[in-house]
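Chemist: What follows is entry-v3.cif, made up of mmCIF, C-alpha atoms:
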data_final
#
loop_
_atom_site.label_atom_id
_atom_site.label_comp_id
_atom_site.auth_asym_id
_atom_site.auth_seq_id
_atom_site.Cartn_x
_atom_site.Cartn_y
_atom_site.Cartn_z
CA ASN R 1 6.64 -44.64 162.83
CA ALA R 2 8.50 -41.51 161.79
CA GLY R 3 5.44 -39.33 161.08
CA VAL R 4 6.38 -36.29 158.99
CA THR R 5 10.05 -35.96 158.05
CA GLN R 6 11.58 -32.89 156.46
CA THR R 7 14.88 -32.79 154.58
CA PRO R 8 17.15 -30.88 155.02
CA LYS R 9 16.91 -29.40 158.51
CA PHE R 10 19.15 -26.43 157.76
CA ARG R 11 20.33 -24.79 154.56
CA VAL R 12 22.08 -21.61 153.50
CA LEU R 13 21.53 -20.44 149.94
CA LYS R 14 22.92 -17.59 147.91
CA THR R 15 20.50 -15.25 146.21
CA GLY R 16 19.44 -16.71 142.89
CA GLN R 17 20.23 -20.32 143.74
CA SER R 18 17.58 -22.99 143.59
CA MET R 19 16.73 -25.80 145.96
CA THR R 20 14.07 -28.35 146.80
CA LEU R 21 12.73 -29.13 150.24
CA LEU R 22 11.44 -32.65 150.72
CA CYS R 23 8.58 -33.65 152.98
CA ALA R 24 7.82 -37.32 153.54
CA GLN R 25 5.00 -38.84 155.59
CA ASP R 26 4.47 -42.48 156.45
CA MET R 27 0.89 -42.22 157.73
CA ASN R 28 -0.85 -42.73 154.36
CA HIS R 29 -2.31 -39.22 154.60
CA GLU R 30 -4.14 -37.73 151.64
CA TYR R 31 -3.55 -34.07 152.48
CA MET R 32 -0.20 -32.33 152.70
CA TYR R 33 0.76 -28.71 153.31
CA TRP R 34 3.74 -26.36 153.24
CA TYR R 35 3.89 -23.41 155.64
CA ARG R 36 6.49 -20.76 156.37
CA GLN R 37 7.11 -19.05 159.68
CA ASP R 38 8.92 -15.74 159.99
CA PRO R 39 10.29 -14.43 163.31
CA GLY R 40 7.57 -13.46 165.79
CA MET R 41 4.79 -14.53 163.46
CA GLY R 42 2.46 -17.43 163.03
CA LEU R 43 2.63 -19.93 160.21
CA ARG R 44 1.41 -18.97 156.76
CA LEU R 45 0.24 -21.48 154.16
CA ILE R 46 2.29 -21.57 150.95
CA HIS R 47 0.83 -24.47 148.98
CA TYR R 48 -1.14 -27.58 149.76
CA SER R 49 -2.24 -30.85 148.15
CA VAL R 50 -5.45 -32.79 148.59
CA GLY R 51 -4.09 -35.94 146.99
CA GLU R 52 -1.44 -37.48 144.77
CA GLY R 53 -0.97 -35.47 141.60
CA THR R 54 -2.83 -32.40 142.88
CA THR R 55 -1.56 -29.07 144.23
CA ALA R 56 -3.14 -25.74 145.09
CA LYS R 57 -2.02 -22.28 146.16
CA GLY R 58 -2.24 -21.11 149.72
CA GLU R 59 -1.87 -17.66 151.24
CA VAL R 60 1.71 -16.86 150.12
CA PRO R 61 2.55 -18.95 147.01
CA ASP R 62 4.69 -16.49 145.04
CA GLY R 63 8.25 -17.64 144.43
CA TYR R 64 7.52 -21.29 145.24
CA ASN R 65 6.48 -24.34 143.29
CA VAL R 66 5.35 -27.72 144.56
CA SER R 67 4.86 -31.26 143.32
CA ARG R 68 3.09 -34.32 144.69
CA LEU R 69 4.12 -37.16 142.40
CA LYS R 70 3.85 -39.75 145.16
CA LYS R 71 1.27 -39.81 147.91
CA GLN R 72 3.87 -39.89 150.65
CA ASN R 73 6.03 -37.02 149.35
CA PHE R 74 5.42 -33.31 148.92
CA LEU R 75 8.23 -31.23 147.43
CA LEU R 76 8.65 -27.47 147.79
CA GLY R 77 10.89 -25.78 145.24
CA LEU R 78 12.54 -22.39 145.18
CA GLU R 79 13.64 -21.65 141.61
CA SER R 80 15.54 -18.43 142.36
CA ALA R 81 15.96 -17.83 146.07
CA ALA R 82 15.58 -14.32 147.47
CA PRO R 83 16.51 -12.97 150.93
CA SER R 84 12.77 -12.51 151.59
CA GLN R 85 12.46 -16.30 151.54
CA THR R 86 14.64 -16.63 154.60
CA SER R 87 12.31 -18.42 156.98
CA VAL R 88 11.52 -21.65 158.77
CA TYR R 89 9.50 -23.98 156.59
CA PHE R 90 7.10 -26.53 158.03
CA CYS R 91 5.44 -29.39 156.26
CA ALA R 92 2.25 -30.97 157.57
CA SER R 93 -0.10 -33.77 156.63
CA SER R 94 -3.60 -34.88 157.56
CA TYR R 95 -5.62 -37.98 156.81
CA SER R 96 -8.44 -36.03 155.22
CA GLY R 97 -10.06 -32.61 155.28
CA GLY R 98 -12.77 -33.87 157.55
CA VAL R 99 -13.81 -32.58 160.92
CA ASP R 100 -12.10 -35.24 162.99
CA THR R 101 -8.66 -34.95 161.50
CA GLU R 102 -5.65 -33.19 162.93
CA ALA R 103 -2.61 -31.93 161.09
CA PHE R 104 0.76 -33.50 161.90
CA PHE R 105 3.78 -31.24 161.46
CA GLY R 106 7.39 -31.93 160.68
CA GLN R 107 10.25 -30.42 162.66
CA GLY R 108 10.96 -27.68 160.20
CA THR R 109 13.65 -26.59 157.74
CA ARG R 110 15.55 -23.44 158.63
CA LEU R 111 16.51 -21.68 155.38
CA THR R 112 18.74 -18.64 155.15
CA VAL R 113 19.17 -16.81 151.85
CA VAL R 114 22.18 -14.49 151.73
CA ASP G 1 -11.92 -17.71 158.38
CA ALA G 2 -12.85 -15.72 161.45
CA LYS G 3 -10.18 -13.66 163.16
CA THR G 4 -9.03 -14.64 166.65
CA THR G 5 -7.62 -12.52 169.47
CA GLN G 6 -5.36 -13.96 172.15
CA PRO G 7 -3.28 -12.35 174.90
CA PRO G 8 0.38 -12.24 173.84
CA SER G 9 1.65 -13.88 177.01
CA MET G 10 0.59 -15.59 180.22
CA ASP G 11 2.33 -17.10 183.21
CA CYS G 12 1.26 -20.12 185.22
CA ALA G 13 2.65 -21.89 188.26
CA GLU G 14 3.55 -25.53 187.80
CA GLY G 15 0.78 -27.82 188.97
CA ARG G 16 -1.87 -25.17 188.57
CA ALA G 17 -4.47 -25.03 185.83
CA ALA G 18 -3.58 -22.86 182.86
CA ASN G 19 -6.57 -21.12 181.31
CA LEU G 20 -5.85 -19.64 177.89
CA PRO G 21 -8.59 -17.40 176.46
CA CYS G 22 -9.43 -16.78 172.83
CA ASN G 23 -11.88 -14.32 171.35
CA HIS G 24 -13.50 -15.14 168.02
CA SER G 25 -16.49 -12.85 167.94
CA THR G 26 -16.99 -13.11 164.16
CA ILE G 27 -17.12 -16.90 164.07
CA SER G 28 -19.73 -18.36 161.75
CA GLY G 29 -21.93 -21.35 162.37
CA ASN G 30 -19.84 -23.88 160.47
CA GLU G 31 -16.43 -22.83 161.75
CA TYR G 32 -14.52 -25.00 164.20
CA VAL G 33 -12.20 -23.85 166.97
CA TYR G 34 -8.81 -25.57 166.92
CA TRP G 35 -5.92 -25.30 169.36
CA TYR G 36 -2.32 -26.08 168.50
CA ARG G 37 0.87 -25.39 170.40
CA GLN G 38 4.47 -24.87 169.34
CA ILE G 39 7.31 -25.71 171.69
CA HIS G 40 10.70 -24.10 171.12
CA SER G 41 10.16 -23.46 167.39
CA GLN G 42 9.38 -27.13 166.78
CA GLY G 43 6.53 -28.06 164.49
CA PRO G 44 3.09 -27.21 165.89
CA GLN G 45 1.28 -29.93 167.79
CA TYR G 46 -2.47 -30.48 167.73
CA ILE G 47 -4.19 -30.21 171.09
CA ILE G 48 -7.95 -30.22 170.69
CA HIS G 49 -10.83 -28.87 168.62
CA GLY G 50 -14.57 -28.28 168.92
CA LEU G 51 -17.65 -26.80 167.27
CA LYS G 52 -20.27 -26.06 169.93
CA ASN G 53 -19.87 -28.45 172.83
CA ASN G 54 -17.13 -28.51 175.38
CA GLU G 55 -14.46 -31.08 174.61
CA THR G 56 -11.90 -32.94 176.71
CA ASN G 57 -9.04 -35.22 175.82
CA GLU G 58 -5.90 -36.47 177.53
CA MET G 59 -4.11 -33.18 176.97
CA ALA G 60 -6.66 -30.47 177.68
CA SER G 61 -10.23 -29.25 177.88
CA LEU G 62 -11.89 -26.79 175.53
CA ILE G 63 -14.70 -24.63 176.82
CA ILE G 64 -16.74 -22.79 174.17
CA THR G 65 -19.24 -20.16 175.25
CA GLU G 66 -22.86 -20.64 174.30
CA ASP G 67 -22.75 -17.81 171.75
CA ARG G 68 -19.45 -19.30 170.42
CA LYS G 69 -17.78 -15.89 170.44
CA SER G 70 -15.01 -17.00 172.76
CA SER G 71 -13.36 -20.10 174.10
CA THR G 72 -10.88 -21.18 176.77
CA LEU G 73 -8.26 -23.87 176.57
CA ILE G 74 -7.60 -25.45 179.95
CA LEU G 75 -4.45 -27.37 180.83
CA PRO G 76 -5.55 -28.87 184.14
CA HIS G 77 -2.14 -29.39 185.75
CA ALA G 78 0.47 -27.39 183.88
CA THR G 79 4.06 -28.63 183.85
CA LEU G 80 7.29 -26.98 182.73
CA ARG G 81 7.00 -28.93 179.48
CA ASP G 82 3.78 -27.08 178.68
CA THR G 83 5.75 -23.87 178.15
CA ALA G 84 4.97 -23.06 174.51
CA VAL G 85 3.14 -20.74 172.15
CA TYR G 86 -0.54 -21.68 172.00
CA TYR G 87 -2.52 -20.92 168.86
CA CYS G 88 -6.29 -20.60 168.71
CA ILE G 89 -7.50 -21.12 165.15
CA VAL G 90 -10.98 -20.84 163.70
CA THR G 91 -11.48 -22.60 160.40
CA ILE G 92 -13.96 -24.15 158.06
CA LEU G 93 -13.10 -27.68 157.06
CA THR G 94 -13.67 -27.68 153.32
CA GLY G 95 -12.40 -29.89 150.56
CA GLY G 96 -9.10 -28.12 151.00
CA GLY G 97 -8.49 -29.82 154.30
CA ASN G 98 -6.80 -28.27 157.28
CA LYS G 99 -5.81 -24.92 155.78
CA LEU G 100 -4.97 -23.43 159.12
CA THR G 101 -4.47 -19.69 159.62
CA PHE G 102 -2.09 -19.11 162.50
CA GLY G 103 -2.00 -15.81 164.38
CA THR G 104 0.76 -14.89 166.82
CA GLY G 105 -0.72 -16.96 169.67
CA THR G 106 -0.17 -16.79 173.43
CA GLN G 107 3.25 -17.49 174.90
CA LEU G 108 2.57 -19.55 178.01
CA LYS G 109 5.37 -19.71 180.53
CA VAL G 110 5.04 -22.31 183.26
CA GLU G 111 7.23 -21.62 186.25
CA LEU G 112 8.16 -23.42 189.45
#
Show me this structure written as structure tokens.
Modeler:
Amino acid sequence: NAGVTQTPKFRVLKTGQSMTLLCAQDMNHEYMYWYRQDPGMGLRLIHYSVGEGTTAKGEVPDGYNVSRLKKQNFLLGLESAAPSQTSVYFCASSYSGGVDTEAFFGQGTRLTVV
Amino acid sequence: DAKTTQPPSMDCAEGRAANLPCNHSTISGNEYVYWYRQIHSQGPQYIIHGLKNNETNEMASLIITEDRKSSTLILPHATLRDTAVYYCIVTILTGGGNKLTFGTGTQLKVEL
């Protein structure tokens, strides 16, 4: 049982380049989330999904797009990377939005934009 | 979501109980208190959560004051592997699921 897997683990981009971060979960969870974490700060929610085919904006959505075509996958896209998007990105999933659910996090993707 | 206040850092001797405080004086009646931790910049790990009553699981205990304005996470026998940043989060569980708002947390250092 792999849990939440993020691909890639590290990436260096040049300003203006595009890329897609993949998050895959094998727990049949309905809810999935993308967060970013900057040095010395807590995680901030970028986008989330409450089910296959749905997405919604979080706290810091600008510059990112997401898609949830399959229940087990949640993709985060950067169309034109900027140095301000240098960060560690975490994906998470939860079974539901109910009171007795916990969020499971991946190990993170460290992205540097130069 | 209500704002939380945590001390930036704490130390604890191995084998001793670690008591991590959290202030959430503006918490509303339907907001839950969650605790997560993050070890060495890994993905956060769920520890425990509660609404009004004290809670205990295999990892920790959560003590919530009667007025719900503060809480304490207790690691009963801290080990070196418990060294991590601990986040206290107050959130409403709506149809949007676990939209967690992380602050800067408490860096717990467990020492020999």
Chemist: Evaluate the PyMOL selection byres ((chain G) within 12 of (chain R)) here and jot the selected residues down as a PyMOL selection string.
Modeler: chain G and resi 8+30-51+85-89+91-107
Chemist: For the file shown, what are the residues hit by the PyMOL selection byres ((chain R and resi 16) around 7), laid out as a compact mmCIF listing (two decimals) with C-alpha atoms, keeping the file's coordinate frame?
Modeler:
# COMPACT_ATOMS: atom_id res chain seq x y z
CA LYS R 14 22.92 -17.59 147.91
CA THR R 15 20.50 -15.25 146.21
CA GLN R 17 20.23 -20.32 143.74
CA SER R 18 17.58 -22.99 143.59
CA SER R 80 15.54 -18.43 142.36
CA ALA R 81 15.96 -17.83 146.07
CA ALA R 82 15.58 -14.32 147.47
Chemist: Atom CA of G:Pro21 and atom CA of G:Thr72, how far apart in Å?
Modeler: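 Distance between the two atoms: 4.4 Å.
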Chemist: Kindly give the distance, in Å, that separates atom CA of G:Ile27 and atom CA of G:Thr83, rounded to a single decimal.
Modeler: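 A separation of 27.7 Å between them.
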Chemist: Return the single residue from R:Ala2, R:Gly77, R:Tyr64, R:Arg11 that is closest to R:Asp26, with distances computed using only C-alpha atoms.
Modeler: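 So, comparing all the options, the nearest one is R:Ala2.
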Chemist: With the file shown as input, list the residues that the PyMOL selection byres ((chain R and resi 87) around 7) selects, as a PyMOL selection string.
Modeler: chain R and resi 36-38+85-86+88-89+110-112
Chemist: List the spatial neighbours of R:Asn65 as JSON, numbers by chain - criterion: any atom at most 10 Å away, only C-alpha atoms, same-chain residues fewer than 6 positions off excluded.
Modeler: {"R": [20, 46, 47, 55, 56, 57, 75, 76, 77, 78, 79]}
Chemist: Those residues you just picked out, can you put them in a file as an mmCIF file, in the coordinates of the input with C-alpha atoms?
Modeler:
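After the write, result12.cif holds the following:
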data_model
loop_
_atom_site.group_PDB
_atom_site.id
_atom_site.type_symbol
_atom_site.label_atom_id
_atom_site.label_comp_id
_atom_site.auth_asym_id
_atom_site.auth_seq_id
_atom_site.Cartn_x
_atom_site.Cartn_y
_atom_site.Cartn_z
ATOM 1 C CA THR R 20 14.070 -28.350 146.800
ATOM 2 C CA ILE R 46 2.290 -21.570 150.950
ATOM 3 C CA HIS R 47 0.830 -24.470 148.980
ATOM 4 C CA THR R 55 -1.560 -29.070 144.230
ATOM 5 C CA ALA R 56 -3.140 -25.740 145.090
ATOM 6 C CA LYS R 57 -2.020 -22.280 146.160
ATOM 7 C CA LEU R 75 8.230 -31.230 147.430
ATOM 8 C CA LEU R 76 8.650 -27.470 147.790
ATOM 9 C CA GLY R 77 10.890 -25.780 145.240
ATOM 10 C CA LEU R 78 12.540 -22.390 145.180
ATOM 11 C CA GLU R 79 13.640 -21.650 141.610
#
Chemist: Generate the coordinates of N, CA, C and O atoms for stretch 68-86 of chain R; report them as a PDB file, keeping the file's coordinate frame.
Modeler:
ATOM      1  N   ARG R  68       3.539 -33.188 143.873  1.00  0.00           N
ATOM      2  CA  ARG R  68       3.090 -34.320 144.690  1.00  0.00           C
ATOM      3  C   ARG R  68       2.965 -35.528 143.764  1.00  0.00           C
ATOM      4  O   ARG R  68       1.872 -35.976 143.416  1.00  0.00           O
ATOM      5  N   LEU R  69       4.102 -36.036 143.348  1.00  0.00           N
ATOM      6  CA  LEU R  69       4.120 -37.160 142.400  1.00  0.00           C
ATOM      7  C   LEU R  69       3.798 -38.472 143.105  1.00  0.00           C
ATOM      8  O   LEU R  69       3.255 -39.394 142.501  1.00  0.00           O
ATOM      9  N   LYS R  70       4.164 -38.582 144.364  1.00  0.00           N
ATOM     10  CA  LYS R  70       3.850 -39.750 145.160  1.00  0.00           C
ATOM     11  C   LYS R  70       3.040 -39.328 146.367  1.00  0.00           C
ATOM     12  O   LYS R  70       3.263 -38.230 146.911  1.00  0.00           O
ATOM     13  N   LYS R  71       2.155 -40.161 146.807  1.00  0.00           N
ATOM     14  CA  LYS R  71       1.270 -39.810 147.910  1.00  0.00           C
ATOM     15  C   LYS R  71       2.046 -39.442 149.161  1.00  0.00           C
ATOM     16  O   LYS R  71       1.652 -38.541 149.898  1.00  0.00           O
ATOM     17  N   GLN R  72       3.164 -40.100 149.401  1.00  0.00           N
ATOM     18  CA  GLN R  72       3.870 -39.890 150.650  1.00  0.00           C
ATOM     19  C   GLN R  72       4.818 -38.695 150.630  1.00  0.00           C
ATOM     20  O   GLN R  72       5.343 -38.319 151.662  1.00  0.00           O
ATOM     21  N   ASN R  73       5.053 -38.103 149.448  1.00  0.00           N
ATOM     22  CA  ASN R  73       6.030 -37.020 149.350  1.00  0.00           C
ATOM     23  C   ASN R  73       5.415 -35.740 148.824  1.00  0.00           C
ATOM     24  O   ASN R  73       4.587 -35.760 147.908  1.00  0.00           O
ATOM     25  N   PHE R  74       5.866 -34.623 149.375  1.00  0.00           N
ATOM     26  CA  PHE R  74       5.420 -33.310 148.920  1.00  0.00           C
ATOM     27  C   PHE R  74       6.651 -32.421 148.847  1.00  0.00           C
ATOM     28  O   PHE R  74       7.305 -32.182 149.858  1.00  0.00           O
ATOM     29  N   LEU R  75       7.008 -31.986 147.642  1.00  0.00           N
ATOM     30  CA  LEU R  75       8.230 -31.230 147.430  1.00  0.00           C
ATOM     31  C   LEU R  75       7.915 -29.738 147.283  1.00  0.00           C
ATOM     32  O   LEU R  75       6.973 -29.359 146.586  1.00  0.00           O
ATOM     33  N   LEU R  76       8.754 -28.924 147.909  1.00  0.00           N
ATOM     34  CA  LEU R  76       8.650 -27.470 147.790  1.00  0.00           C
ATOM     35  C   LEU R  76       9.911 -26.968 147.112  1.00  0.00           C
ATOM     36  O   LEU R  76      11.010 -27.203 147.592  1.00  0.00           O
ATOM     37  N   GLY R  77       9.741 -26.265 145.986  1.00  0.00           N
ATOM     38  CA  GLY R  77      10.890 -25.780 145.240  1.00  0.00           C
ATOM     39  C   GLY R  77      10.994 -24.272 145.250  1.00  0.00           C
ATOM     40  O   GLY R  77       9.986 -23.565 145.210  1.00  0.00           O
ATOM     41  N   LEU R  78      12.236 -23.808 145.342  1.00  0.00           N
ATOM     42  CA  LEU R  78      12.540 -22.390 145.180  1.00  0.00           C
ATOM     43  C   LEU R  78      13.405 -22.299 143.933  1.00  0.00           C
ATOM     44  O   LEU R  78      14.529 -22.813 143.907  1.00  0.00           O
ATOM     45  N   GLU R  79      12.905 -21.694 142.875  1.00  0.00           N
ATOM     46  CA  GLU R  79      13.640 -21.650 141.610  1.00  0.00           C
ATOM     47  C   GLU R  79      14.773 -20.632 141.645  1.00  0.00           C
ATOM     48  O   GLU R  79      15.850 -20.856 141.103  1.00  0.00           O
ATOM     49  N   SER R  80      14.539 -19.487 142.270  1.00  0.00           N
ATOM     50  CA  SER R  80      15.540 -18.430 142.360  1.00  0.00           C
ATOM     51  C   SER R  80      15.381 -17.767 143.722  1.00  0.00           C
ATOM     52  O   SER R  80      14.579 -16.858 143.889  1.00  0.00           O
ATOM     53  N   ALA R  81      16.155 -18.258 144.684  1.00  0.00           N
ATOM     54  CA  ALA R  81      15.960 -17.830 146.070  1.00  0.00           C
ATOM     55  C   ALA R  81      16.234 -16.342 146.258  1.00  0.00           C
ATOM     56  O   ALA R  81      17.161 -15.770 145.640  1.00  0.00           O
ATOM     57  N   ALA R  82      15.433 -15.738 147.129  1.00  0.00           N
ATOM     58  CA  ALA R  82      15.580 -14.320 147.470  1.00  0.00           C
ATOM     59  C   ALA R  82      15.705 -14.193 148.991  1.00  0.00           C
ATOM     60  O   ALA R  82      15.184 -15.038 149.729  1.00  0.00           O
ATOM     61  N   PRO R  83      16.376 -13.149 149.479  1.00  0.00           N
ATOM     62  CA  PRO R  83      16.510 -12.970 150.930  1.00  0.00           C
ATOM     63  C   PRO R  83      15.162 -12.967 151.647  1.00  0.00           C
ATOM     64  O   PRO R  83      15.085 -13.380 152.820  1.00  0.00           O
ATOM     65  N   SER R  84      14.100 -12.528 150.979  1.00  0.00           N
ATOM     66  CA  SER R  84      12.770 -12.510 151.590  1.00  0.00           C
ATOM     67  C   SER R  84      12.224 -13.914 151.867  1.00  0.00           C
ATOM     68  O   SER R  84      11.233 -14.072 152.596  1.00  0.00           O
ATOM     69  N   GLN R  85      12.884 -14.917 151.314  1.00  0.00           N
ATOM     70  CA  GLN R  85      12.460 -16.300 151.540  1.00  0.00           C
ATOM     71  C   GLN R  85      13.206 -16.938 152.717  1.00  0.00           C
ATOM     72  O   GLN R  85      13.005 -18.126 153.005  1.00  0.00           O
ATOM     73  N   THR R  86      14.033 -16.167 153.361  1.00  0.00           N
ATOM     74  CA  THR R  86      14.640 -16.630 154.600  1.00  0.00           C
ATOM     75  C   THR R  86      13.538 -16.845 155.626  1.00  0.00           C
ATOM     76  O   THR R  86      12.774 -15.925 155.942  1.00  0.00           O
TER      77      THR R  86
END
